[in-house]
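In what follows, a structure is listed as structure tokens, so that the remarks can point back to it.
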Amino acid sequence: TLLDEESLRSFREKLLGEVWDAEAARWRDWLVRLCEILQRSSRFFRRSIDRVSEDHPEYLLQFGDLKKLDRTAKGILADVLRTPLPEQQKTELGAYYDLQFLRIGLATLQGMPLSQLDAEFTEVADYFLEILFDICKAEVDATRGRRMMTHDRLALFVAGGHARERAHQDDYDLVVLLDSDSEEMHRYSNEIMTRLNREISRRGIMPQYHLADRFGSYVTRFSELEEFLRGEGRISYVDMSQLLGARQIVGSSRIEEEFHRRIIRGCVYENREIYIASVIGEIQSRRHFMSEQCKGPEFDIKECRGGLRDLEMSMLLWKVVHEIREPIGGRFWDVLAEKNPGQRWEFKELQESFQFLNRLRDVYRLSVAPVNMLNPAYLDRPGELLGYRASEGVSAGEKLYRDYRKHCTRVADRLDELVETVLKF
């Protein structure tokens, strides 16, 4: 078990005495580095360190070499593909995910660029889900004694932060669609997802199935989703936003095109006026609620005026206006700038703020706590990790907070201007 903060501080101080033996000094320096990592880490991130070191304590020796950690993780992934037994495959795949989650977290604390972090984490999470799906499918086939072909019928999509290609996601919003009305195929697909759901949970990831609340099953048929979305009075910005932001992980290009044609184009774009009005209304009502009902609303990096929620919802608005298929991640702003040359500078500013706020959120999760409500008393640590330094009586945390508020104010002002252009389309 990892030491608490006070024990860590005491242990590190004891290590700092003189050591004459070269080999002992080398080990002492390694322990000091490990203590420094743990002291900079939130309990959330320490749990990921604990999970890795509990099964593979030898990996602790590689913490100072991220490239070596990456090679080790990829070696584990290669073993997954060579291992014939499903249980062992799942164990090795889980070890791969845990080690890569840890490596990318360490890279975040060391200042790796946000775009690289997001790209690497997304690749790892996509591999994990895709391979785990195949393993679970093979288990169900073995249990049933025969194989069912799902490649052109079943698709697994991610929504939320994973779909937006964001790093450090500890929950997965999953959408599972079946292009078949066969009861046997539906039962078979649910069996796969039941196993997949169990394995995801073992990694400390919370799987969420928004459509399951609507239809009572992990797996939703295309036909019933179409019928629901086309139903009178059932247009919901929550349902449409999740589907609009979904990104396919498992399935063929044919089913991806069916999803875009029947669901996105046929149900979302066909109701764009209702959707746009609903999202704008939601942004305005949420801002009013936060200002009137919440204590310290400006500290909520996600829900505050000009925060991440405003940015994400505005990106969905523009996605509908221009019918853009690009995921709403960092590259999305470049696409918007190309399609709106008259507002190129405004979108550039929003992109900078989007990156700043996401970077702050990542570092806060890993160094303080995995929450959206920032505590001013604990901003010094993330401030220093982000390059701020105390000077002239102003702490690193205070400087970070000032920049945070500047970005939120700029986002709110720019979005208010740009929403007016949305209403003209």
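Residue numbers start at 1 in each chain; chains themselves are named A, B, ... in the order of the structure tokens; ligands are numbered from 1 in the order shown.
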
Practice problem: Find the residues near Met373 (chain A): any atom within 7 Å, counting only C-alpha atoms, skip ones fewer than 4 places away on the same chain, and give them as a VMD selection string. | Solution: chain A and resid 299 to 301

Save out the residues we just selected, N, CA and C atoms, as a PDB file, in the first residue's frame.
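Heads up, here's the output in part.pdb:
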ATOM      1  N   PHE A 299     -15.672  28.437  -9.971  1.00  0.00           N
ATOM      2  CA  PHE A 299     -14.639  27.425  -9.714  1.00  0.00           C
ATOM      3  C   PHE A 299     -14.915  26.106 -10.434  1.00  0.00           C
ATOM      4  N   ASP A 300     -16.101  25.956 -11.005  1.00  0.00           N
ATOM      5  CA  ASP A 300     -16.449  24.722 -11.709  1.00  0.00           C
ATOM      6  C   ASP A 300     -15.952  24.814 -13.150  1.00  0.00           C
ATOM      7  N   ILE A 301     -14.842  24.145 -13.444  1.00  0.00           N
ATOM      8  CA  ILE A 301     -14.184  24.274 -14.744  1.00  0.00           C
ATOM      9  C   ILE A 301     -15.049  23.745 -15.884  1.00  0.00           C
TER      10      ILE A 301
END

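Minimum distance to Arg344 (chain A) across A:Thr83, A:Ile200, A:Leu418, A:Arg287 (counting only C-alpha atoms) occurs at A:Leu418.
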
Self-check item: Nearest to Gln343 (chain A) by atom-to-atom distance, counting only C-alpha atoms, from A:Leu415, A:Ala163, A:Leu99, A:Ala73
Solution: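 Among the listed residues, A:Leu415 lies closest to Gln343 (chain A).
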
Residues within 10 Å of Asp173 (chain A), only C-alpha atoms, excluding chain neighbours under 2 positions, as a compact mmCIF listing (two decimals) with C-alpha atoms, in the first residue's frame:
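Okay, this is what ended up in out-v7.txt:
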# COMPACT_ATOMS: atom_id res chain seq x y z
CA PHE A 157 -19.53 3.54 -30.35
CA VAL A 158 -18.00 5.69 -27.64
CA ALA A 159 -19.49 9.04 -26.66
CA GLY A 160 -18.47 11.74 -24.19
CA GLY A 161 -14.81 12.45 -23.44
CA HIS A 162 -13.55 9.25 -25.09
CA ALA A 163 -15.33 10.16 -28.33
CA ASP A 171 -15.72 6.52 -17.41
CA VAL A 175 -23.55 3.25 -27.46
CA MET A 206 -17.27 3.29 -14.98
CA PRO A 207 -19.20 2.13 -18.08
CA GLN A 208 -22.34 4.13 -18.84
CA TYR A 209 -25.09 3.25 -21.29
CA HIS A 210 -27.41 6.23 -21.74
CA LEU A 211 -29.59 4.43 -24.28
CA GLN A 242 -24.61 11.90 -27.40
CA ALA A 246 -20.36 9.33 -31.00

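Of the residues under consideration (A:Arg402, A:Arg272, A:Arg265, A:Arg203), A:Arg203 shows the shortest atom-to-atom contact distance to Lys90 (chain A) when counting only C-alpha atoms.
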
Practice problem: Could you give me, as a list in words, the residues within 10 Å of Phe259 (chain A), counting only C-alpha atoms and dropping anything in the same chain fewer than 3 positions from it? | Solution: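 The residues satisfying every condition are Ala155, Leu177, Asp179, Phe222, Leu243, Gln248, Ser253, Arg254, Ile255, Glu256, Arg262, Ile263, Ile264, Arg265 and Gly266 of chain A.
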
Quiz item: Using only C-alpha atoms, which of A:Tyr269, A:Trp20, A:Phe11, A:Trp27 sits nearest Gln39 (chain A)?
Solution: A:Phe11

Practice problem: Would you mind reading off the distance between CA of Asp170 (chain A) and CA of Val140 (chain A), one decimal, in Å? | Solution: 26.5 Å

Practice problem: Write out as number ranges by chain the residues lying within 12 Å of Thr150 (chain A), counting only C-alpha atoms and excluding same-chain residues fewer than 3 positions away. | Solution: A: 133-134, 137-138, 141, 147, 153-156, 177-180, 182, 184-186, 188-189, 192, 250-252, 255
